[in-house]
>>> print(open('model_39.cif').read())   # mmCIF, C-alpha atoms
data_model
#
loop_
_atom_site.label_atom_id
_atom_site.label_comp_id
_atom_site.auth_asym_id
_atom_site.auth_seq_id
_atom_site.Cartn_x
_atom_site.Cartn_y
_atom_site.Cartn_z
CA MET D 1 13.68 -5.87 18.73
CA GLY D 2 13.67 -6.39 14.98
CA PRO D 3 11.11 -8.49 13.09
CA GLN D 4 8.95 -10.36 15.57
CA ALA D 5 8.03 -13.44 13.52
CA PHE D 6 8.77 -16.79 15.18
CA ARG D 7 9.68 -15.14 18.47
CA SER D 8 8.81 -18.21 20.54
CA SER D 9 11.61 -20.58 21.46
CA GLY D 10 9.27 -23.55 21.42
CA ASP D 11 9.93 -24.10 25.13
CA LEU D 12 7.43 -22.75 27.66
CA LEU D 13 10.04 -22.18 30.38
CA ALA D 14 12.37 -20.30 28.04
CA ASP D 15 9.51 -18.17 26.76
CA ARG D 16 8.49 -17.36 30.33
CA ARG D 17 12.03 -16.23 31.15
CA PHE D 18 11.93 -14.07 28.03
CA ASP D 19 8.69 -12.43 29.15
CA TYR D 20 10.17 -11.73 32.57
CA ALA D 21 13.25 -10.28 30.87
CA MET D 22 11.13 -7.95 28.77
CA ALA D 23 9.28 -6.79 31.88
CA ALA D 24 12.60 -6.08 33.59
CA LYS D 25 13.81 -4.19 30.55
CA ALA D 26 10.63 -2.11 30.52
CA ASP D 27 11.28 -1.26 34.16
CA GLY D 28 14.80 -0.12 33.29
CA ASP D 29 16.56 -3.06 34.98
CA LEU D 30 18.84 -4.12 32.14
CA THR D 31 21.04 -6.28 34.38
CA ALA D 32 18.08 -8.41 35.41
CA ALA D 33 16.88 -8.54 31.81
CA ALA D 34 20.27 -9.83 30.62
CA ASP D 35 20.40 -12.43 33.43
CA LEU D 36 16.92 -13.70 32.58
CA LEU D 37 17.74 -13.93 28.89
CA VAL D 38 20.89 -15.91 29.68
CA GLN D 39 18.72 -18.30 31.70
CA ALA D 40 16.29 -18.62 28.79
CA LEU D 41 19.14 -19.36 26.38
CA GLU D 42 20.51 -22.06 28.69
CA ILE D 43 17.14 -23.78 28.20
CA ALA D 44 16.87 -23.02 24.46
CA PRO D 45 20.42 -22.46 23.16
CA HIS D 46 19.41 -22.59 19.49
CA TRP D 47 16.91 -19.71 19.78
CA ALA D 48 18.00 -16.98 17.35
CA ALA D 49 15.44 -14.44 18.57
CA GLY D 50 16.59 -14.90 22.15
CA TRP D 51 20.24 -14.32 21.25
CA PHE D 52 19.30 -11.25 19.23
CA THR D 53 17.34 -9.79 22.13
CA LEU D 54 20.23 -10.46 24.50
CA GLY D 55 22.46 -8.54 22.08
CA GLU D 56 20.07 -5.59 22.17
CA VAL D 57 20.02 -5.58 25.97
CA GLU D 58 23.81 -5.82 26.21
CA MET D 59 24.11 -3.00 23.69
CA ALA D 60 21.76 -0.88 25.82
CA ARG D 61 23.92 -1.67 28.86
CA GLY D 62 26.99 -0.43 26.99
CA ASP D 63 28.72 -3.82 26.89
CA HIS D 64 29.51 -3.89 23.20
CA GLY D 65 31.70 -6.98 23.46
CA ALA D 66 28.90 -9.04 25.00
CA ALA D 67 26.44 -7.56 22.50
CA ALA D 68 28.62 -8.57 19.54
CA THR D 69 28.96 -12.10 20.92
CA ALA D 70 25.17 -12.42 21.27
CA PHE D 71 24.51 -11.06 17.79
CA ARG D 72 27.02 -13.52 16.32
CA GLN D 73 25.26 -16.34 18.14
CA ALA D 74 21.96 -15.17 16.62
CA LEU D 75 23.53 -15.13 13.18
CA ASP D 76 24.92 -18.64 13.65
CA ARG D 77 21.43 -19.89 14.50
CA ASP D 78 19.78 -18.01 11.62
CA PRO D 79 22.18 -17.51 8.68
CA THR D 80 19.41 -15.81 6.66
CA ASP D 81 19.46 -13.14 9.39
CA MET D 82 15.80 -12.27 9.53
CA PHE D 83 16.33 -10.37 12.81
CA GLY D 84 19.11 -8.13 11.49
CA ALA D 85 22.05 -9.35 13.58
CA GLN D 86 24.50 -8.29 10.87
CA LEU D 87 23.04 -4.79 10.92
CA MET D 88 23.64 -4.56 14.65
CA LEU D 89 27.18 -5.91 14.19
CA ALA D 90 27.70 -3.21 11.57
CA ARG D 91 26.53 -0.57 14.04
CA LEU D 92 29.12 -1.94 16.44
CA GLY D 93 31.83 -1.76 13.77
CA GLU D 94 32.22 -5.54 13.65
CA VAL D 95 31.25 -6.06 9.99
CA GLY D 96 31.03 -3.88 6.89
CA ALA D 97 27.82 -1.88 6.62
CA ALA D 98 27.39 -2.40 2.87
CA GLU D 99 26.94 -6.17 3.19
CA ALA D 100 24.92 -6.12 6.41
CA MET D 101 21.30 -6.01 5.22
CA THR D 102 19.78 -9.27 4.00
CA PRO D 103 16.59 -9.85 1.99
CA ALA D 104 15.32 -12.04 4.83
CA TYR D 105 15.58 -9.11 7.25
CA VAL D 106 13.73 -6.68 4.96
CA THR D 107 11.07 -9.28 4.17
CA ALA D 108 10.46 -10.13 7.83
CA LEU D 109 10.42 -6.46 8.79
CA TYR D 110 7.64 -5.64 6.33
CA GLU D 111 5.69 -8.86 6.78
CA ASP D 112 5.32 -7.77 10.41
CA TYR D 113 4.79 -4.09 9.54
CA ALA D 114 2.24 -4.55 6.73
CA PRO D 115 -1.06 -4.22 8.65
CA ARG D 116 -0.08 -0.88 10.23
CA PHE D 117 2.29 0.35 7.52
CA GLU D 118 0.19 3.10 5.92
CA GLN D 119 -1.08 4.59 9.17
CA ALA D 120 2.40 4.57 10.69
CA LEU D 121 3.92 6.33 7.68
CA ARG D 122 1.20 8.82 6.86
CA GLU D 123 0.17 9.77 10.39
CA GLY D 124 3.23 8.98 12.47
CA LEU D 125 5.99 10.08 10.09
CA ALA D 126 4.14 12.59 7.86
CA TYR D 127 5.33 10.54 4.88
CA ARG D 128 4.96 12.11 1.42
CA GLY D 129 7.41 10.23 -0.78
CA PRO D 130 5.00 9.48 -3.67
CA GLU D 131 3.83 13.09 -3.81
CA VAL D 132 7.42 14.40 -3.85
CA LEU D 133 8.22 12.01 -6.70
CA LEU D 134 5.15 12.98 -8.71
CA ASP D 135 6.04 16.65 -8.41
CA ALA D 136 9.59 15.96 -9.64
CA VAL D 137 8.40 13.79 -12.52
CA THR D 138 5.89 16.48 -13.49
CA ARG D 139 8.68 19.07 -13.60
CA ALA D 140 10.94 16.77 -15.61
CA ARG D 141 8.22 16.16 -18.19
CA ALA D 142 7.44 19.85 -18.46
CA ALA D 143 11.11 20.63 -19.06
CA SER D 144 11.34 18.03 -21.85
CA GLY D 145 8.05 18.99 -23.46
CA GLU D 146 6.76 15.43 -23.05
CA PRO D 147 3.22 14.78 -21.77
CA LEU D 148 2.70 13.61 -18.20
CA ARG D 149 1.58 10.18 -19.38
CA PHE D 150 3.34 6.81 -19.16
CA ASP D 151 2.08 3.71 -20.89
CA ARG D 152 4.06 1.27 -18.74
CA VAL D 153 4.95 2.05 -15.12
CA LEU D 154 6.89 -0.22 -12.77
CA ASP D 155 6.67 0.50 -9.03
CA LEU D 156 9.84 -0.85 -7.42
CA GLY D 157 9.28 -1.80 -3.79
CA CYS D 158 5.59 -1.08 -4.23
CA GLY D 159 4.68 -1.92 -0.64
CA THR D 160 0.96 -1.43 -0.06
CA GLY D 161 0.56 0.69 -3.19
CA LEU D 162 0.99 4.25 -1.92
CA ALA D 163 3.00 5.30 -4.98
CA GLY D 164 0.72 3.36 -7.28
CA GLU D 165 -2.28 5.35 -6.07
CA VAL D 166 -0.50 8.65 -6.74
CA PHE D 167 0.77 7.71 -10.21
CA ALA D 168 -2.29 5.77 -11.43
CA PRO D 169 -3.98 8.79 -13.08
CA PHE D 170 -0.93 9.24 -15.33
CA ALA D 171 -0.33 5.59 -16.22
CA GLY D 172 -1.63 3.19 -18.81
CA THR D 173 -0.69 0.17 -16.73
CA ILE D 174 1.24 -0.18 -13.47
CA ASP D 175 3.12 -3.26 -12.33
CA GLY D 176 4.59 -3.62 -8.87
CA VAL D 177 7.26 -5.69 -7.13
CA ASP D 178 8.10 -6.06 -3.45
CA LEU D 179 9.88 -8.52 -1.19
CA SER D 180 6.95 -8.78 1.22
CA GLY D 181 4.02 -10.95 0.22
CA ARG D 182 1.79 -9.37 2.86
CA MET D 183 2.51 -5.89 1.53
CA VAL D 184 1.81 -7.04 -2.03
CA GLU D 185 -1.49 -8.58 -0.97
CA ILE D 186 -2.64 -5.23 0.46
CA ALA D 187 -1.57 -3.51 -2.78
CA ARG D 188 -3.48 -6.11 -4.80
CA ARG D 189 -6.73 -5.28 -3.02
CA LYS D 190 -6.55 -1.69 -4.28
CA GLY D 191 -7.05 -2.77 -7.90
CA ILE D 192 -4.34 -0.41 -9.16
CA TYR D 193 -1.78 -2.86 -10.50
CA GLU D 194 -2.01 -5.03 -13.58
CA ARG D 195 0.69 -7.40 -12.33
CA LEU D 196 2.32 -7.80 -8.93
CA ALA D 197 5.37 -9.89 -8.04
CA VAL D 198 7.01 -10.91 -4.78
CA SER D 199 10.68 -10.69 -5.67
CA ASP D 200 14.04 -9.01 -5.20
CA LEU D 201 14.26 -5.75 -7.15
CA ALA D 202 17.45 -6.49 -9.05
CA ALA D 203 16.33 -10.02 -9.96
CA HIS D 204 12.95 -8.76 -11.13
CA LEU D 205 14.48 -6.04 -13.29
CA ALA D 206 17.02 -8.48 -14.75
CA ALA D 207 14.18 -10.67 -16.02
CA LEU D 208 12.46 -7.83 -17.91
CA PRO D 209 12.99 -7.13 -21.64
CA ASP D 210 14.95 -4.11 -22.83
CA ALA D 211 13.01 -0.84 -23.08
CA SER D 212 9.95 -2.37 -21.42
CA ALA D 213 9.09 0.47 -19.00
CA ASP D 214 8.35 4.16 -19.50
CA LEU D 215 8.59 5.07 -15.83
CA LEU D 216 10.34 3.38 -12.93
CA VAL D 217 9.35 4.63 -9.47
CA ALA D 218 11.18 3.73 -6.25
CA ALA D 219 9.72 5.62 -3.29
CA ASP D 220 11.99 5.23 -0.25
CA VAL D 221 13.07 1.76 -1.33
CA PHE D 222 16.76 2.27 -2.01
CA ILE D 223 17.27 3.05 1.69
CA TYR D 224 17.53 -0.74 1.99
CA CYS D 225 20.13 -1.08 -0.78
CA ALA D 226 23.75 -0.17 -0.14
CA ASP D 227 25.04 -0.68 -3.69
CA LEU D 228 22.67 0.91 -6.20
CA GLY D 229 24.95 0.16 -9.15
CA PRO D 230 23.41 -3.19 -10.21
CA ILE D 231 19.84 -1.92 -9.81
CA LEU D 232 20.43 1.30 -11.74
CA ALA D 233 22.27 -0.59 -14.48
CA GLU D 234 19.19 -2.77 -14.98
CA ALA D 235 16.98 0.30 -14.74
CA GLY D 236 18.88 1.95 -17.57
CA ARG D 237 18.42 -1.13 -19.74
CA VAL D 238 14.72 -1.54 -18.95
CA LEU D 239 13.79 2.11 -19.59
CA SER D 240 12.35 3.12 -22.95
CA LYS D 241 14.15 5.82 -24.93
CA ALA D 242 12.16 8.68 -23.38
CA GLY D 243 11.56 6.91 -20.08
CA LEU D 244 12.30 8.16 -16.58
CA CYS D 245 13.60 6.58 -13.40
CA ALA D 246 12.44 8.45 -10.28
CA PHE D 247 13.54 7.61 -6.76
CA THR D 248 14.25 8.94 -3.29
CA VAL D 249 17.06 8.03 -0.91
CA GLU D 250 18.29 9.25 2.45
CA SER D 251 21.43 11.38 2.44
CA HIS D 252 24.40 12.28 4.62
CA ASP D 253 27.22 14.81 4.43
CA GLY D 254 30.13 12.37 4.35
CA ASP D 255 31.42 9.99 1.72
CA GLY D 256 30.01 6.79 0.31
CA VAL D 257 27.18 4.88 1.92
CA VAL D 258 26.53 4.73 5.67
CA LEU D 259 24.18 2.71 7.83
CA GLY D 260 22.19 5.09 10.01
CA ALA D 261 20.86 4.61 13.53
CA GLY D 262 17.48 3.71 12.03
CA LEU D 263 19.11 0.76 10.20
CA ARG D 264 18.63 2.35 6.79
CA TYR D 265 21.30 3.29 4.27
CA ALA D 266 22.11 6.92 3.50
CA HIS D 267 23.92 7.79 0.25
CA ALA D 268 26.28 10.69 -0.35
CA GLU D 269 25.83 12.69 -3.56
CA PRO D 270 29.04 11.48 -5.32
CA VAL D 271 28.20 7.80 -4.88
CA LEU D 272 24.74 8.39 -6.35
CA GLN D 273 26.13 10.28 -9.32
CA GLU D 274 28.62 7.47 -9.96
CA ALA D 275 25.91 4.81 -9.82
CA LEU D 276 23.71 6.77 -12.22
CA ALA D 277 26.53 7.26 -14.71
CA ALA D 278 27.54 3.61 -14.52
CA GLY D 279 23.96 2.64 -15.28
CA GLY D 280 23.83 4.88 -18.37
CA LEU D 281 21.49 7.34 -16.69
CA ARG D 282 21.58 11.12 -16.62
CA PRO D 283 19.85 13.06 -13.80
CA VAL D 284 17.35 15.69 -14.91
CA VAL D 285 16.28 16.38 -11.31
CA PHE D 286 18.79 15.93 -8.49
CA GLU D 287 17.99 17.93 -5.39
CA PRO D 288 17.73 17.71 -1.60
CA ALA D 289 14.37 16.55 -0.34
CA THR D 290 12.73 15.04 2.70
CA THR D 291 9.92 12.52 2.57
CA ARG D 292 9.35 11.86 6.28
CA ARG D 293 9.89 13.20 9.78
CA GLU D 294 11.35 11.30 12.72
CA ALA D 295 11.33 12.60 16.30
CA GLY D 296 9.78 15.75 14.88
CA GLN D 297 12.70 16.42 12.55
CA PRO D 298 12.85 16.08 8.73
CA VAL D 299 14.99 13.19 7.51
CA PRO D 300 17.43 14.52 4.86
CA GLY D 301 17.46 12.88 1.48
CA TRP D 302 17.94 13.16 -2.26
CA LEU D 303 15.23 13.32 -4.90
CA VAL D 304 16.34 12.00 -8.28
CA VAL D 305 14.67 11.77 -11.68
CA ALA D 306 16.93 10.39 -14.41
CA CYS D 307 16.67 9.54 -18.08
CA ARG D 308 18.82 7.44 -20.37
CA ALA D 309 22.07 9.22 -21.14
#
>>> encode(input="model_39.cif", output="structure tokens")
Amino acid sequence: MGPQAFRSSGDLLADRRFDYAMAAKADGDLTAAADLLVQALEIAPHWAAGWFTLGEVEMARGDHGAAATAFRQALDRDPTDMFGAQLMLARLGEVGAAEAMTPAYVTALYEDYAPRFEQALREGLAYRGPEVLLDAVTRARAASGEPLRFDRVLDLGCGTGLAGEVFAPFAGTIDGVDLSGRMVEIARRKGIYERLAVSDLAAHLAALPDASADLLVAADVFIYCADLGPILAEAGRVLSKAGLCAFTVESHDGDGVVLGAGLRYAHAEPVLQEALAAGGLRPVVFEPATTRREAGQPVPGWLVVACRA
């Protein structure tokens, strides 16, 4: 199931049916799980989390029609879509992938994930996004003859501050922005950032003055953004003349942007190049890279460092 916040239906009998359904699912009895969830939803028909879970069970059973109906019911009950019903509908081919991910989903996901975020990434997924970015930025600075020093750094999607810790020795000041207040609070405790904001990336960038940042860092953040055009356009405006924008994304071999099985966006090279050019940015590093492993395999991606064109 997606974000777990507010799982309870508010009705003890419905919640009990849900618990029985989850036990049946754990035992591999998806038919019983679906039946129990239907019973729970007869008691609590306005329960978005219950409808979403029924959709997951029906999807696991291979009944995509029933799954789509359940996900649409979840979306009707929660138009903000904190559980990610639109993402599941996109996986089923019912809606367009590019519009499927909502801020409410990403926020709820990381509000729930925050306490175990760093351990899960570093130990479970061998995550090294900040280190990969620092290496690329170091190479870009060496090629330009500029020192590896940035007066004003902005960490986009700062999370708990993993990138901030890596870039702090090379920064005058670092600001951070993230959708999740719980993630930001963990980052605040590290004492790395001068200012932290809980906000949407594009909205935060749009409020900043021209040429107000010397380095923009986005470590595995754009995997939650289908259309990078608006963000990179603001990035190009916010960068100082000699500034850099460094980010990682997941990649795929086809065209455009796709929604992967892990409910993250993967960008093809041409769509990234187009977004950079439209934002007035020129790549100085653009190369394949992986920042994490899943199921023991490296997740393919792109590593990009760009300057103003």
>>> resolve_selection(input="model_39.cif", expression="the PyMOL selection byres ((chain D and resi 239-246) around 6)", output="PDB file with C-alpha atoms, in the coordinates of the input")
ATOM      1  CA  ALA D 211      13.010  -0.840 -23.080  1.00  0.00           C
ATOM      2  CA  ALA D 213       9.090   0.470 -19.000  1.00  0.00           C
ATOM      3  CA  ASP D 214       8.350   4.160 -19.500  1.00  0.00           C
ATOM      4  CA  LEU D 215       8.590   5.070 -15.830  1.00  0.00           C
ATOM      5  CA  LEU D 216      10.340   3.380 -12.930  1.00  0.00           C
ATOM      6  CA  VAL D 217       9.350   4.630  -9.470  1.00  0.00           C
ATOM      7  CA  GLY D 236      18.880   1.950 -17.570  1.00  0.00           C
ATOM      8  CA  ARG D 237      18.420  -1.130 -19.740  1.00  0.00           C
ATOM      9  CA  VAL D 238      14.720  -1.540 -18.950  1.00  0.00           C
ATOM     10  CA  PHE D 247      13.540   7.610  -6.760  1.00  0.00           C
ATOM     11  CA  VAL D 304      16.340  12.000  -8.280  1.00  0.00           C
ATOM     12  CA  VAL D 305      14.670  11.770 -11.680  1.00  0.00           C
ATOM     13  CA  ALA D 306      16.930  10.390 -14.410  1.00  0.00           C
ATOM     14  CA  CYS D 307      16.670   9.540 -18.080  1.00  0.00           C
TER      15      CYS D 307
END
>>> residues_near_point(input="model_39.cif", point="(5.4, 7.8, 6.0)", cutoff="12 Å", atoms="all atoms listed in the file", output="number ranges by chain")
D: 116-131, 159-160, 162-163, 219-220, 290-294, 298-299
>>> closest_residue(input="model_39.cif", among="D:Gly62, D:Pro103, D:Pro230, D:Gly279", to="Ala202 of chain D", atoms="only C-alpha atoms")
D:Pro230
>>> atom_distance(input="model_39.cif", atom1="atom CA of Ala49 of chain D", atom2="atom CA of Leu37 of chain D")
10.6 Å
>>> closest_residue(input="model_39.cif", among="D:Glu185, D:Asp135, D:Asp151, D:Asp81", to="Val285 of chain D", atoms="all atoms listed in the file")
D:Asp135
>>> closest_residue(input="model_39.cif", among="D:Asp255, D:Asp19, D:Glu56, D:Glu274", to="Ala40 of chain D", atoms="all atoms listed in the file")
D:Asp19
>>> atom_distance(input="model_39.cif", atom1="atom CA of Phe71 of chain D", atom2="atom CA of Glu58 of chain D")
9.9 Å
